[in-house]
$ cat model_16.tsv   # TSV, C-alpha atoms
chain	number	residue	atom	x	y	z
B	1	MET	CA	-101.20	61.18	-8.50
B	2	PRO	CA	-101.69	58.14	-6.28
B	3	GLU	CA	-105.07	56.45	-5.82
B	4	THR	CA	-107.14	58.87	-3.77
B	5	ILE	CA	-110.04	58.48	-1.36
B	6	HIS	CA	-112.24	61.54	-0.88
B	7	VAL	CA	-113.71	62.23	2.54
B	8	LYS	CA	-116.21	64.96	3.38
B	9	THR	CA	-116.19	65.80	7.08
B	10	ARG	CA	-119.09	67.49	8.83
B	11	SER	CA	-117.75	68.91	12.08
B	12	ARG	CA	-114.55	70.37	13.53
B	13	THR	CA	-113.39	67.03	14.91
B	14	GLU	CA	-114.63	63.72	13.58
B	15	MET	CA	-113.45	60.19	12.89
B	16	VAL	CA	-114.68	58.73	9.61
B	17	ASP	CA	-114.50	54.98	9.01
B	18	MET	CA	-112.85	54.54	5.61
B	19	THR	CA	-112.09	50.83	5.86
B	20	SER	CA	-114.34	49.75	2.99
B	21	LEU	CA	-113.00	52.54	0.75
B	22	VAL	CA	-109.46	51.38	1.46
B	23	GLN	CA	-110.45	47.75	0.81
B	24	ASN	CA	-111.91	48.87	-2.55
B	25	GLU	CA	-108.54	50.29	-3.54
B	26	VAL	CA	-106.82	47.08	-2.47
B	27	SER	CA	-109.23	45.07	-4.63
B	28	LYS	CA	-108.78	47.42	-7.61
B	29	SER	CA	-104.99	47.12	-7.34
B	30	GLY	CA	-105.19	43.41	-8.13
B	31	ILE	CA	-102.41	42.78	-5.62
B	32	SER	CA	-102.98	39.63	-3.63
B	33	ASP	CA	-100.23	39.81	-1.00
B	34	GLY	CA	-98.39	42.86	0.19
B	35	VAL	CA	-98.74	46.00	2.22
B	36	CYS	CA	-101.34	48.76	1.97
B	37	MET	CA	-100.30	52.25	3.03
B	38	VAL	CA	-102.88	54.95	3.74
B	39	TYR	CA	-101.41	58.46	3.71
B	40	VAL	CA	-103.15	61.71	4.70
B	41	PRO	CA	-101.63	64.72	2.85
B	42	HIS	CA	-103.03	67.27	5.33
B	43	THR	CA	-101.42	68.88	8.40
B	44	THR	CA	-104.59	69.22	10.50
B	45	ALA	CA	-105.92	65.70	9.97
B	46	ALA	CA	-104.60	62.21	10.64
B	47	VAL	CA	-105.33	58.51	10.24
B	48	THR	CA	-105.56	55.84	12.92
B	49	ILE	CA	-106.69	52.26	13.42
B	50	ASN	CA	-109.03	51.62	16.32
B	51	GLU	CA	-112.32	50.00	17.34
B	52	GLY	CA	-115.25	50.45	14.99
B	53	ALA	CA	-117.97	48.38	16.72
B	54	ASP	CA	-118.95	50.97	19.33
B	55	PRO	CA	-118.98	54.58	18.07
B	56	SER	CA	-118.43	55.73	21.67
B	57	VAL	CA	-114.78	54.75	21.33
B	58	CYS	CA	-114.19	57.36	18.63
B	59	GLN	CA	-116.10	59.95	20.63
B	60	ASP	CA	-113.93	59.22	23.67
B	61	ILE	CA	-110.75	59.50	21.60
B	62	LEU	CA	-111.81	62.87	20.18
B	63	THR	CA	-112.97	64.20	23.55
B	64	LYS	CA	-109.77	63.22	25.33
B	65	LEU	CA	-107.57	64.65	22.55
B	66	THR	CA	-109.42	67.97	22.90
B	67	GLU	CA	-108.94	67.90	26.68
B	68	MET	CA	-105.23	67.27	26.20
B	69	VAL	CA	-104.89	69.83	23.40
B	70	PRO	CA	-107.62	72.47	23.80
B	71	PRO	CA	-108.43	74.80	20.88
B	72	ASP	CA	-107.56	77.99	22.74
B	73	ALA	CA	-104.43	77.80	24.82
B	74	GLY	CA	-102.34	80.81	23.89
B	75	TYR	CA	-100.80	79.39	20.74
B	76	ARG	CA	-98.49	81.48	18.53
B	77	HIS	CA	-99.84	80.27	15.19
B	78	MET	CA	-102.54	82.82	14.32
B	79	GLU	CA	-104.85	80.71	12.18
B	80	GLY	CA	-106.71	79.34	15.19
B	81	ASN	CA	-105.94	75.72	14.45
B	82	SER	CA	-102.72	74.99	16.31
B	83	ASP	CA	-104.57	72.37	18.31
B	84	SER	CA	-105.39	70.60	15.04
B	85	HIS	CA	-101.73	70.57	13.97
B	86	ILE	CA	-100.65	69.21	17.36
B	87	LYS	CA	-103.25	66.43	17.30
B	88	ALA	CA	-102.12	65.53	13.78
B	89	SER	CA	-98.56	64.90	14.98
B	90	LEU	CA	-99.74	62.94	18.03
B	91	VAL	CA	-101.91	60.56	15.99
B	92	GLY	CA	-99.80	60.44	12.82
B	93	ASN	CA	-100.54	60.86	9.13
B	94	SER	CA	-100.15	57.34	7.80
B	95	VAL	CA	-100.89	53.72	8.64
B	96	SER	CA	-99.84	50.49	6.97
B	97	VAL	CA	-101.80	47.24	6.93
B	98	LEU	CA	-100.84	43.83	5.57
B	99	VAL	CA	-102.74	42.44	2.58
B	100	GLU	CA	-103.30	38.70	2.10
B	101	ASN	CA	-105.43	37.07	-0.59
B	102	GLY	CA	-106.51	40.53	-1.68
B	103	ARG	CA	-107.89	41.46	1.74
B	104	LEU	CA	-106.67	43.88	4.42
B	105	VAL	CA	-105.43	41.83	7.40
B	106	LEU	CA	-107.14	43.76	10.20
B	107	GLY	CA	-107.78	42.53	13.73
B	108	THR	CA	-111.34	41.57	14.70
B	109	TRP	CA	-112.27	45.02	16.00
B	110	GLN	CA	-110.00	47.15	13.84
B	111	LYS	CA	-111.24	49.78	11.41
B	112	ILE	CA	-109.25	52.48	9.60
B	113	PHE	CA	-110.40	55.99	10.56
B	114	PHE	CA	-109.77	59.31	8.88
B	115	CYS	CA	-109.31	61.80	11.75
B	116	GLU	CA	-110.57	65.30	11.09
B	117	PHE	CA	-109.18	67.90	13.51
B	118	ASP	CA	-110.07	71.14	11.68
B	119	GLY	CA	-113.29	70.54	9.77
B	120	PRO	CA	-115.71	70.53	8.25
B	121	ARG	CA	-113.75	70.19	5.00
B	122	SER	CA	-113.30	68.18	1.84
B	123	ARG	CA	-110.33	65.93	2.55
B	124	LYS	CA	-108.42	63.15	0.88
B	125	ALA	CA	-106.23	60.17	1.64
B	126	TYR	CA	-103.80	58.41	-0.68
B	127	VAL	CA	-103.73	54.62	-0.87
B	128	LYS	CA	-100.77	52.64	-2.16
B	129	VAL	CA	-100.66	48.84	-2.33
B	130	TYR	CA	-97.31	47.22	-3.02
A	1	MET	CA	-75.41	51.17	6.68
A	2	PRO	CA	-78.46	52.76	5.08
A	3	GLU	CA	-78.37	56.21	3.49
A	4	THR	CA	-77.99	58.65	6.36
A	5	ILE	CA	-78.96	62.26	6.91
A	6	HIS	CA	-77.00	64.14	9.57
A	7	VAL	CA	-78.79	66.74	11.68
A	8	LYS	CA	-77.13	69.08	14.18
A	9	THR	CA	-79.63	70.38	16.71
A	10	ARG	CA	-79.09	73.55	18.72
A	11	SER	CA	-81.43	73.40	21.69
A	12	ARG	CA	-83.09	70.88	23.98
A	13	THR	CA	-86.26	70.67	21.89
A	14	GLU	CA	-86.35	71.66	18.25
A	15	MET	CA	-87.98	70.68	15.00
A	16	VAL	CA	-85.64	70.72	11.99
A	17	ASP	CA	-87.07	70.70	8.47
A	18	MET	CA	-85.27	67.93	6.61
A	19	THR	CA	-87.57	67.71	3.59
A	20	SER	CA	-84.98	68.79	1.02
A	21	LEU	CA	-82.38	66.42	2.48
A	22	VAL	CA	-84.86	63.55	2.18
A	23	GLN	CA	-85.73	64.60	-1.39
A	24	ASN	CA	-82.00	64.55	-2.20
A	25	GLU	CA	-81.83	60.92	-1.09
A	26	VAL	CA	-84.90	60.08	-3.18
A	27	SER	CA	-83.25	61.68	-6.23
A	28	LYS	CA	-79.95	59.88	-5.59
A	29	SER	CA	-81.76	56.54	-5.34
A	30	GLY	CA	-82.88	56.80	-8.97
A	31	ILE	CA	-86.23	55.28	-7.98
A	32	SER	CA	-89.11	56.91	-9.81
A	33	ASP	CA	-92.12	55.37	-8.07
A	34	GLY	CA	-92.27	53.82	-4.64
A	35	VAL	CA	-92.20	54.59	-0.96
A	36	CYS	CA	-89.65	56.58	1.04
A	37	MET	CA	-89.18	55.67	4.67
A	38	VAL	CA	-87.42	58.01	7.11
A	39	TYR	CA	-86.26	56.29	10.28
A	40	VAL	CA	-84.77	57.91	13.40
A	41	PRO	CA	-82.43	55.50	15.26
A	42	HIS	CA	-82.59	57.47	18.54
A	43	THR	CA	-84.82	57.02	21.58
A	44	THR	CA	-85.08	60.70	22.58
A	45	ALA	CA	-85.89	62.08	19.13
A	46	ALA	CA	-88.62	61.49	16.57
A	47	VAL	CA	-89.84	62.39	13.09
A	48	THR	CA	-93.16	63.92	12.06
A	49	ILE	CA	-94.86	65.51	9.08
A	50	ASN	CA	-96.56	68.85	9.69
A	51	GLU	CA	-96.88	72.42	8.45
A	52	GLY	CA	-93.70	74.17	7.39
A	53	ALA	CA	-95.02	77.54	6.15
A	54	ASP	CA	-95.41	79.17	9.56
A	55	PRO	CA	-92.65	78.33	12.06
A	56	SER	CA	-95.12	79.09	14.88
A	57	VAL	CA	-96.75	75.70	14.25
A	58	CYS	CA	-93.57	73.86	15.26
A	59	GLN	CA	-93.15	76.11	18.28
A	60	ASP	CA	-96.72	75.37	19.36
A	61	ILE	CA	-96.18	71.63	18.92
A	62	LEU	CA	-93.01	71.69	21.04
A	63	THR	CA	-94.56	73.93	23.72
A	64	LYS	CA	-97.66	71.77	24.07
A	65	LEU	CA	-95.62	68.55	24.19
A	66	THR	CA	-93.56	70.02	27.03
A	67	GLU	CA	-96.74	71.06	28.87
A	68	MET	CA	-98.08	67.52	28.49
A	69	VAL	CA	-94.78	65.87	29.37
A	70	PRO	CA	-92.76	68.26	31.55
A	71	PRO	CA	-89.01	67.64	32.04
A	72	ASP	CA	-89.26	67.21	35.82
A	73	ALA	CA	-92.17	65.15	36.99
A	74	GLY	CA	-90.76	62.57	39.39
A	75	TYR	CA	-89.59	60.10	36.79
A	76	ARG	CA	-87.73	56.93	37.75
A	77	HIS	CA	-85.19	57.01	34.94
A	78	MET	CA	-82.23	58.86	36.43
A	79	GLU	CA	-80.68	60.38	33.32
A	80	GLY	CA	-83.02	63.39	33.42
A	81	ASN	CA	-84.50	62.78	29.99
A	82	SER	CA	-87.54	60.60	30.61
A	83	ASP	CA	-89.71	63.35	29.12
A	84	SER	CA	-87.67	63.03	25.91
A	85	HIS	CA	-88.26	59.26	25.74
A	86	ILE	CA	-92.00	59.71	26.34
A	87	LYS	CA	-92.31	62.36	23.63
A	88	ALA	CA	-90.41	60.07	21.25
A	89	SER	CA	-93.03	57.33	21.66
A	90	LEU	CA	-95.92	59.80	21.33
A	91	VAL	CA	-94.65	61.25	18.05
A	92	GLY	CA	-93.04	58.11	16.61
A	93	ASN	CA	-89.65	57.34	15.12
A	94	SER	CA	-90.48	56.83	11.44
A	95	VAL	CA	-92.62	58.21	8.63
A	96	SER	CA	-93.30	56.94	5.13
A	97	VAL	CA	-94.09	59.07	2.10
A	98	LEU	CA	-95.07	58.03	-1.43
A	99	VAL	CA	-92.68	58.76	-4.30
A	100	GLU	CA	-93.92	59.48	-7.83
A	101	ASN	CA	-91.79	60.59	-10.78
A	102	GLY	CA	-88.83	60.79	-8.44
A	103	ARG	CA	-90.52	63.28	-6.10
A	104	LEU	CA	-91.91	62.93	-2.56
A	105	VAL	CA	-95.72	63.15	-2.75
A	106	LEU	CA	-96.31	65.59	0.11
A	107	GLY	CA	-99.44	67.67	0.71
A	108	THR	CA	-99.30	71.41	-0.04
A	109	TRP	CA	-98.28	72.39	3.49
A	110	GLN	CA	-96.42	69.26	4.53
A	111	LYS	CA	-92.74	69.19	5.49
A	112	ILE	CA	-90.78	66.38	7.14
A	113	PHE	CA	-89.38	67.42	10.53
A	114	PHE	CA	-86.70	65.85	12.66
A	115	CYS	CA	-87.90	66.27	16.26
A	116	GLU	CA	-85.17	66.81	18.84
A	117	PHE	CA	-86.34	66.19	22.41
A	118	ASP	CA	-82.97	65.98	24.22
A	119	GLY	CA	-80.56	68.25	22.43
A	120	PRO	CA	-78.44	69.89	21.43
A	121	ARG	CA	-76.81	66.88	19.77
A	122	SER	CA	-75.48	65.46	16.53
A	123	ARG	CA	-78.26	63.24	15.24
A	124	LYS	CA	-79.06	61.14	12.22
A	125	ALA	CA	-81.95	59.74	10.24
A	126	TYR	CA	-81.91	56.81	7.84
A	127	VAL	CA	-83.63	57.07	4.47
A	128	LYS	CA	-84.72	54.08	2.44
A	129	VAL	CA	-86.49	54.31	-0.94
A	130	TYR	CA	-88.05	51.13	-2.34
I	1	MET	CA	-102.14	34.37	8.16
I	2	PRO	CA	-98.91	36.38	8.43
I	3	GLU	CA	-96.02	35.32	10.65
I	4	THR	CA	-97.22	35.79	14.21
I	5	ILE	CA	-95.51	36.53	17.50
I	6	HIS	CA	-97.42	35.56	20.63
I	7	VAL	CA	-97.13	37.72	23.73
I	8	LYS	CA	-98.57	36.94	27.15
I	9	THR	CA	-98.97	40.07	29.24
I	10	ARG	CA	-99.20	40.00	33.03
I	11	SER	CA	-100.71	43.32	34.11
I	12	ARG	CA	-103.10	45.99	32.87
I	13	THR	CA	-100.34	48.10	31.35
I	14	GLU	CA	-96.98	46.68	30.41
I	15	MET	CA	-94.26	47.02	27.81
I	16	VAL	CA	-92.80	43.73	26.60
I	17	ASP	CA	-89.50	43.69	24.72
I	18	MET	CA	-90.08	41.58	21.61
I	19	THR	CA	-86.94	42.58	19.70
I	20	SER	CA	-85.41	39.11	19.65
I	21	LEU	CA	-88.70	37.52	18.58
I	22	VAL	CA	-88.91	39.99	15.69
I	23	GLN	CA	-85.28	39.32	14.77
I	24	ASN	CA	-86.10	35.59	14.71
I	25	GLU	CA	-88.80	36.23	12.12
I	26	VAL	CA	-86.40	38.34	10.06
I	27	SER	CA	-83.87	35.49	10.13
I	28	LYS	CA	-86.51	32.89	9.22
I	29	SER	CA	-87.66	35.01	6.25
I	30	GLY	CA	-84.27	34.61	4.61
I	31	ILE	CA	-84.49	38.21	3.42
I	32	SER	CA	-81.14	39.98	3.63
I	33	ASP	CA	-82.10	43.58	2.82
I	34	GLY	CA	-85.49	45.20	3.13
I	35	VAL	CA	-88.02	46.45	5.62
I	36	CYS	CA	-89.58	44.67	8.59
I	37	MET	CA	-93.06	45.73	9.63
I	38	VAL	CA	-94.50	44.80	13.04
I	39	TYR	CA	-98.27	45.14	13.21
I	40	VAL	CA	-100.48	44.80	16.30
I	41	PRO	CA	-104.02	43.63	15.37
I	42	HIS	CA	-105.56	44.83	18.65
I	43	THR	CA	-107.32	48.11	19.52
I	44	THR	CA	-106.20	48.33	23.16
I	45	ALA	CA	-102.51	47.60	22.58
I	46	ALA	CA	-99.74	49.19	20.54
I	47	VAL	CA	-96.11	48.87	19.50
I	48	THR	CA	-93.29	51.36	19.96
I	49	ILE	CA	-89.52	51.60	19.71
I	50	ASN	CA	-87.74	53.06	22.72
I	51	GLU	CA	-84.89	52.51	25.17
I	52	GLY	CA	-84.41	49.00	26.48
I	53	ALA	CA	-81.30	49.38	28.67
I	54	ASP	CA	-83.02	50.89	31.72
I	55	PRO	CA	-86.45	49.39	32.52
I	56	SER	CA	-87.34	52.68	34.28
I	57	VAL	CA	-87.87	54.28	30.87
I	58	CYS	CA	-90.77	51.93	30.10
I	59	GLN	CA	-92.21	52.48	33.57
I	60	ASP	CA	-92.05	56.24	33.07
I	61	ILE	CA	-93.74	55.97	29.67
I	62	LEU	CA	-96.58	53.87	31.10
I	63	THR	CA	-97.00	56.08	34.17
I	64	LYS	CA	-97.13	59.29	32.14
I	65	LEU	CA	-99.58	57.81	29.63
I	66	THR	CA	-101.87	56.85	32.52
I	67	GLU	CA	-101.60	60.37	33.97
I	68	MET	CA	-102.50	61.84	30.59
I	69	VAL	CA	-105.27	59.31	29.93
I	70	PRO	CA	-106.60	58.04	33.28
I	71	PRO	CA	-108.73	54.86	33.38
I	72	ASP	CA	-111.79	56.59	34.84
I	73	ALA	CA	-112.61	59.93	33.30
I	74	GLY	CA	-116.27	59.84	32.40
I	75	TYR	CA	-115.90	57.99	29.11
I	76	ARG	CA	-118.93	57.00	27.02
I	77	HIS	CA	-117.65	53.57	25.99
I	78	MET	CA	-119.06	51.23	28.64
I	79	GLU	CA	-116.46	48.46	28.60
I	80	GLY	CA	-114.16	50.33	30.99
I	81	ASN	CA	-111.23	50.43	28.63
I	82	SER	CA	-111.61	53.70	26.73
I	83	ASP	CA	-108.28	54.81	28.15
I	84	SER	CA	-106.68	51.74	26.52
I	85	HIS	CA	-108.17	52.61	23.11
I	86	ILE	CA	-106.99	56.22	23.40
I	87	LYS	CA	-103.45	55.19	24.35
I	88	ALA	CA	-103.41	52.78	21.40
I	89	SER	CA	-104.07	55.63	18.95
I	90	LEU	CA	-101.50	57.89	20.62
I	91	VAL	CA	-98.71	55.30	20.41
I	92	GLY	CA	-99.73	53.60	17.17
I	93	ASN	CA	-100.24	50.00	16.11
I	94	SER	CA	-97.28	49.40	13.80
I	95	VAL	CA	-93.60	50.14	13.39
I	96	SER	CA	-91.22	49.56	10.51
I	97	VAL	CA	-87.50	48.91	10.79
I	98	LEU	CA	-84.87	48.56	8.05
I	99	VAL	CA	-83.19	45.19	7.55
I	100	GLU	CA	-79.59	44.90	6.32
I	101	ASN	CA	-77.56	41.69	6.06
I	102	GLY	CA	-80.43	39.86	7.68
I	103	ARG	CA	-80.39	42.05	10.81
I	104	LEU	CA	-82.81	44.71	12.08
I	105	VAL	CA	-81.08	48.11	11.79
I	106	LEU	CA	-81.90	49.48	15.24
I	107	GLY	CA	-80.18	52.36	17.01
I	108	THR	CA	-77.81	51.59	19.87
I	109	TRP	CA	-80.48	51.89	22.57
I	110	GLN	CA	-83.54	50.91	20.56
I	111	LYS	CA	-85.73	47.92	21.35
I	112	ILE	CA	-89.16	47.02	19.94
I	113	PHE	CA	-91.83	46.94	22.65
I	114	PHE	CA	-95.29	45.44	22.61
I	115	CYS	CA	-97.44	47.90	24.61
I	116	GLU	CA	-100.25	46.34	26.63
I	117	PHE	CA	-102.90	48.83	27.71
I	118	ASP	CA	-105.73	46.49	28.75
I	119	GLY	CA	-104.15	43.33	30.12
I	120	PRO	CA	-103.38	40.83	31.26
I	121	ARG	CA	-104.16	39.01	28.01
I	122	SER	CA	-102.83	36.69	25.33
I	123	ARG	CA	-101.83	38.99	22.50
I	124	LYS	CA	-100.18	38.78	19.13
I	125	ALA	CA	-98.20	40.82	16.63
I	126	TYR	CA	-97.77	40.18	12.93
I	127	VAL	CA	-94.34	40.42	11.32
I	128	LYS	CA	-93.79	40.97	7.61
I	129	VAL	CA	-90.38	41.27	5.99
I	130	TYR	CA	-90.23	42.51	2.38

$ encode --input "model_16.tsv" --output "structure tokens"
Amino acid sequence: MPETIHVKTRSRTEMVDMTSLVQNEVSKSGISDGVCMVYVPHTTAAVTINEGADPSVCQDILTKLTEMVPPDAGYRHMEGNSDSHIKASLVGNSVSVLVENGRLVLGTWQKIFFCEFDGPRSRKAYVKVY
Amino acid sequence: MPETIHVKTRSRTEMVDMTSLVQNEVSKSGISDGVCMVYVPHTTAAVTINEGADPSVCQDILTKLTEMVPPDAGYRHMEGNSDSHIKASLVGNSVSVLVENGRLVLGTWQKIFFCEFDGPRSRKAYVKVY
Amino acid sequence: MPETIHVKTRSRTEMVDMTSLVQNEVSKSGISDGVCMVYVPHTTAAVTINEGADPSVCQDILTKLTEMVPPDAGYRHMEGNSDSHIKASLVGNSVSVLVENGRLVLGTWQKIFFCEFDGPRSRKAYVKVY
């Protein structure tokens, strides 16, 4: 199995900053220059890069996504989490970041967020540096 | 040209499971460990990873996308498929998946779907394993 | 720092075709076959691949995104650009394109667009070919 980050989410929708956990995997890989891919193997969760300085940004993202894709809207899928699947495809299940001198090359305000859309659950993300 | 998967779609919007076709290309590549990129060279189609067990999930995704981006909404582009272009940018035109021991490392419920937003058409996707 | 493309945007939302600038970086890299990644290090901008022949397509994409995520909608983030952050996560901050014989392998109608959601500003995008 690939290197794995474990994330425990605490509510139905939540964005969890996993930047330092991803950086740890980059450091452990010993790779100085390359690309780091973060991959979420779930279908009701996602990963995105956005602002980490003000937590209101993540709240606004989650609120707007739920306005756009409400939980109950006459879906066919009977498990009650169609909204979570739809959000997952809108946000996407992987991101890639450049690595230089053993560090993720993120913009000033960028953090890597695990996006929970059907929690709370025990989740994971794979990290590959190459 | 890169390795190419051919997909024939049968309606205006449709999600076609191409996981086994992608796995075939991974196997043919002879690469045991790496990354597999699937790239859609169209501007009114996309590719996403989501649940494949219950076909209702794909139906719900397509229905909600069409609610969010209806076909007729006073667009400027005169070809009648602006909604298809918009959906393409929301979902994205490539995905990457890890490869280990010659197999795609997908989550339990994950399948790779070609997303048709302006069909029916003969479409293609490129696959690169590295 | 990685190879950097500089983009000057002129309005709050705008899509700027940077295909030829990306192709320049591919040519400079001297790499004949591989993958080109374009990465936007901002949290209120994005990058997407879509149709470049008719500029109406980009206008329709921007107009619809603003309908879906209006600038003023009771957001918590007080900087007045929550809509820009939300759009950034919907569209995504990187794309990858195959390279063969030193050329980007784009579909007939595909162009690579820098997406400004909180301009006008001086922006940048990183390009890595591997």

$ interface_residues --input "model_16.tsv" --of "chain A" --to "chain I" --cutoff "6 Å" --atoms "only C-alpha atoms" --output "list in words"
Pro41, His42, Thr43, Tyr75, Arg76, His77, Ile86 and Leu90 of chain A

$ write_last_selection --input "model_16.tsv" --atoms "C-alpha atoms" --output "short mmCIF file (atom, residue, chain, number, x, y, z; two decimals), keeping the file's coordinate frame"
data_model
loop_
_atom_site.label_atom_id
_atom_site.label_comp_id
_atom_site.auth_asym_id
_atom_site.auth_seq_id
_atom_site.Cartn_x
_atom_site.Cartn_y
_atom_site.Cartn_z
CA PRO A 41 -82.43 55.50 15.26
CA HIS A 42 -82.59 57.47 18.54
CA THR A 43 -84.82 57.02 21.58
CA TYR A 75 -89.59 60.10 36.79
CA ARG A 76 -87.73 56.93 37.75
CA HIS A 77 -85.19 57.01 34.94
CA ILE A 86 -92.00 59.71 26.34
CA LEU A 90 -95.92 59.80 21.33
#

$ closest_residue --input "model_16.tsv" --among "I:Tyr130, I:Asp33, I:Ala53, I:Arg103" --to "Asp17 (chain I)" --atoms "only C-alpha atoms"
I:Ala53

$ residues_around --input "model_16.tsv" --residues "region 112-119 of chain B" --least-positions-apart "6" --cutoff "6 Å" --atoms "all atoms listed in the file" --output "MDAnalysis selection string"
chainID B and resid 11:19 44:49 84

$ atom_distance --input "model_16.tsv" --atom1 "CA of Cys36 (chain I)" --atom2 "CA of Asn24 (chain I)"
11.5 Å

$ atom_distance --input "model_16.tsv" --atom1 "CA of Val129 (chain I)" --atom2 "CA of Ser94 (chain I)"
13.2 Å

$ residues_around --input "model_16.tsv" --residues "Leu21 (chain B)" --least-positions-apart "5" --cutoff "10 Å" --atoms "all atoms listed in the file" --output "PyMOL selection string"
chain B and resi 4-7+26-27+112+127

$ atom_distance --input "model_16.tsv" --atom1 "CA of Pro120 (chain I)" --atom2 "CA of Lys8 (chain I)"
7.4 Å

$ build_atoms --input "model_16.tsv" --residues "region 59-71 of chain I" --atoms "N, CA, C and O atoms" --output "mmCIF file, in the frame of the given file"
data_model
loop_
_atom_site.group_PDB
_atom_site.id
_atom_site.type_symbol
_atom_site.label_atom_id
_atom_site.label_comp_id
_atom_site.auth_asym_id
_atom_site.auth_seq_id
_atom_site.Cartn_x
_atom_site.Cartn_y
_atom_site.Cartn_z
ATOM 1 N N GLN I 59 -91.317 52.144 32.458
ATOM 2 C CA GLN I 59 -92.210 52.480 33.570
ATOM 3 C C GLN I 59 -92.655 53.933 33.491
ATOM 4 O O GLN I 59 -93.822 54.252 33.716
ATOM 5 N N ASP I 60 -91.710 54.818 33.179
ATOM 6 C CA ASP I 60 -92.050 56.240 33.070
ATOM 7 C C ASP I 60 -93.030 56.494 31.924
ATOM 8 O O ASP I 60 -93.949 57.312 32.052
ATOM 9 N N ILE I 61 -92.829 55.806 30.810
ATOM 10 C CA ILE I 61 -93.740 55.970 29.670
ATOM 11 C C ILE I 61 -95.155 55.544 30.073
ATOM 12 O O ILE I 61 -96.135 56.262 29.859
ATOM 13 N N LEU I 62 -95.259 54.373 30.716
ATOM 14 C CA LEU I 62 -96.580 53.870 31.100
ATOM 15 C C LEU I 62 -97.241 54.760 32.148
ATOM 16 O O LEU I 62 -98.448 55.029 32.090
ATOM 17 N N THR I 63 -96.453 55.222 33.119
ATOM 18 C CA THR I 63 -97.000 56.080 34.170
ATOM 19 C C THR I 63 -97.507 57.396 33.597
ATOM 20 O O THR I 63 -98.610 57.857 33.923
ATOM 21 N N LYS I 64 -96.716 58.004 32.730
ATOM 22 C CA LYS I 64 -97.130 59.290 32.140
ATOM 23 C C LYS I 64 -98.357 59.123 31.258
ATOM 24 O O LYS I 64 -99.282 59.942 31.292
ATOM 25 N N LEU I 65 -98.394 58.044 30.473
ATOM 26 C CA LEU I 65 -99.580 57.810 29.630
ATOM 27 C C LEU I 65 -100.837 57.682 30.489
ATOM 28 O O LEU I 65 -101.900 58.183 30.125
ATOM 29 N N THR I 66 -100.715 57.015 31.641
ATOM 30 C CA THR I 66 -101.870 56.850 32.520
ATOM 31 C C THR I 66 -102.250 58.176 33.191
ATOM 32 O O THR I 66 -103.428 58.438 33.435
ATOM 33 N N GLU I 67 -101.271 59.019 33.470
ATOM 34 C CA GLU I 67 -101.600 60.370 33.970
ATOM 35 C C GLU I 67 -102.346 61.176 32.915
ATOM 36 O O GLU I 67 -103.302 61.873 33.219
ATOM 37 N N MET I 68 -101.877 61.078 31.662
ATOM 38 C CA MET I 68 -102.500 61.840 30.590
ATOM 39 C C MET I 68 -103.888 61.290 30.245
ATOM 40 O O MET I 68 -104.796 62.046 29.908
ATOM 41 N N VAL I 69 -104.019 59.971 30.311
ATOM 42 C CA VAL I 69 -105.270 59.310 29.930
ATOM 43 C C VAL I 69 -105.663 58.356 31.053
ATOM 44 O O VAL I 69 -105.435 57.144 30.980
ATOM 45 N N PRO I 70 -106.271 58.894 32.130
ATOM 46 C CA PRO I 70 -106.600 58.040 33.280
ATOM 47 C C PRO I 70 -107.720 57.046 32.952
ATOM 48 O O PRO I 70 -108.530 57.299 32.061
ATOM 49 N N PRO I 71 -107.749 55.912 33.677
ATOM 50 C CA PRO I 71 -108.730 54.860 33.380
ATOM 51 C C PRO I 71 -110.177 55.335 33.566
ATOM 52 O O PRO I 71 -111.042 54.961 32.789
#
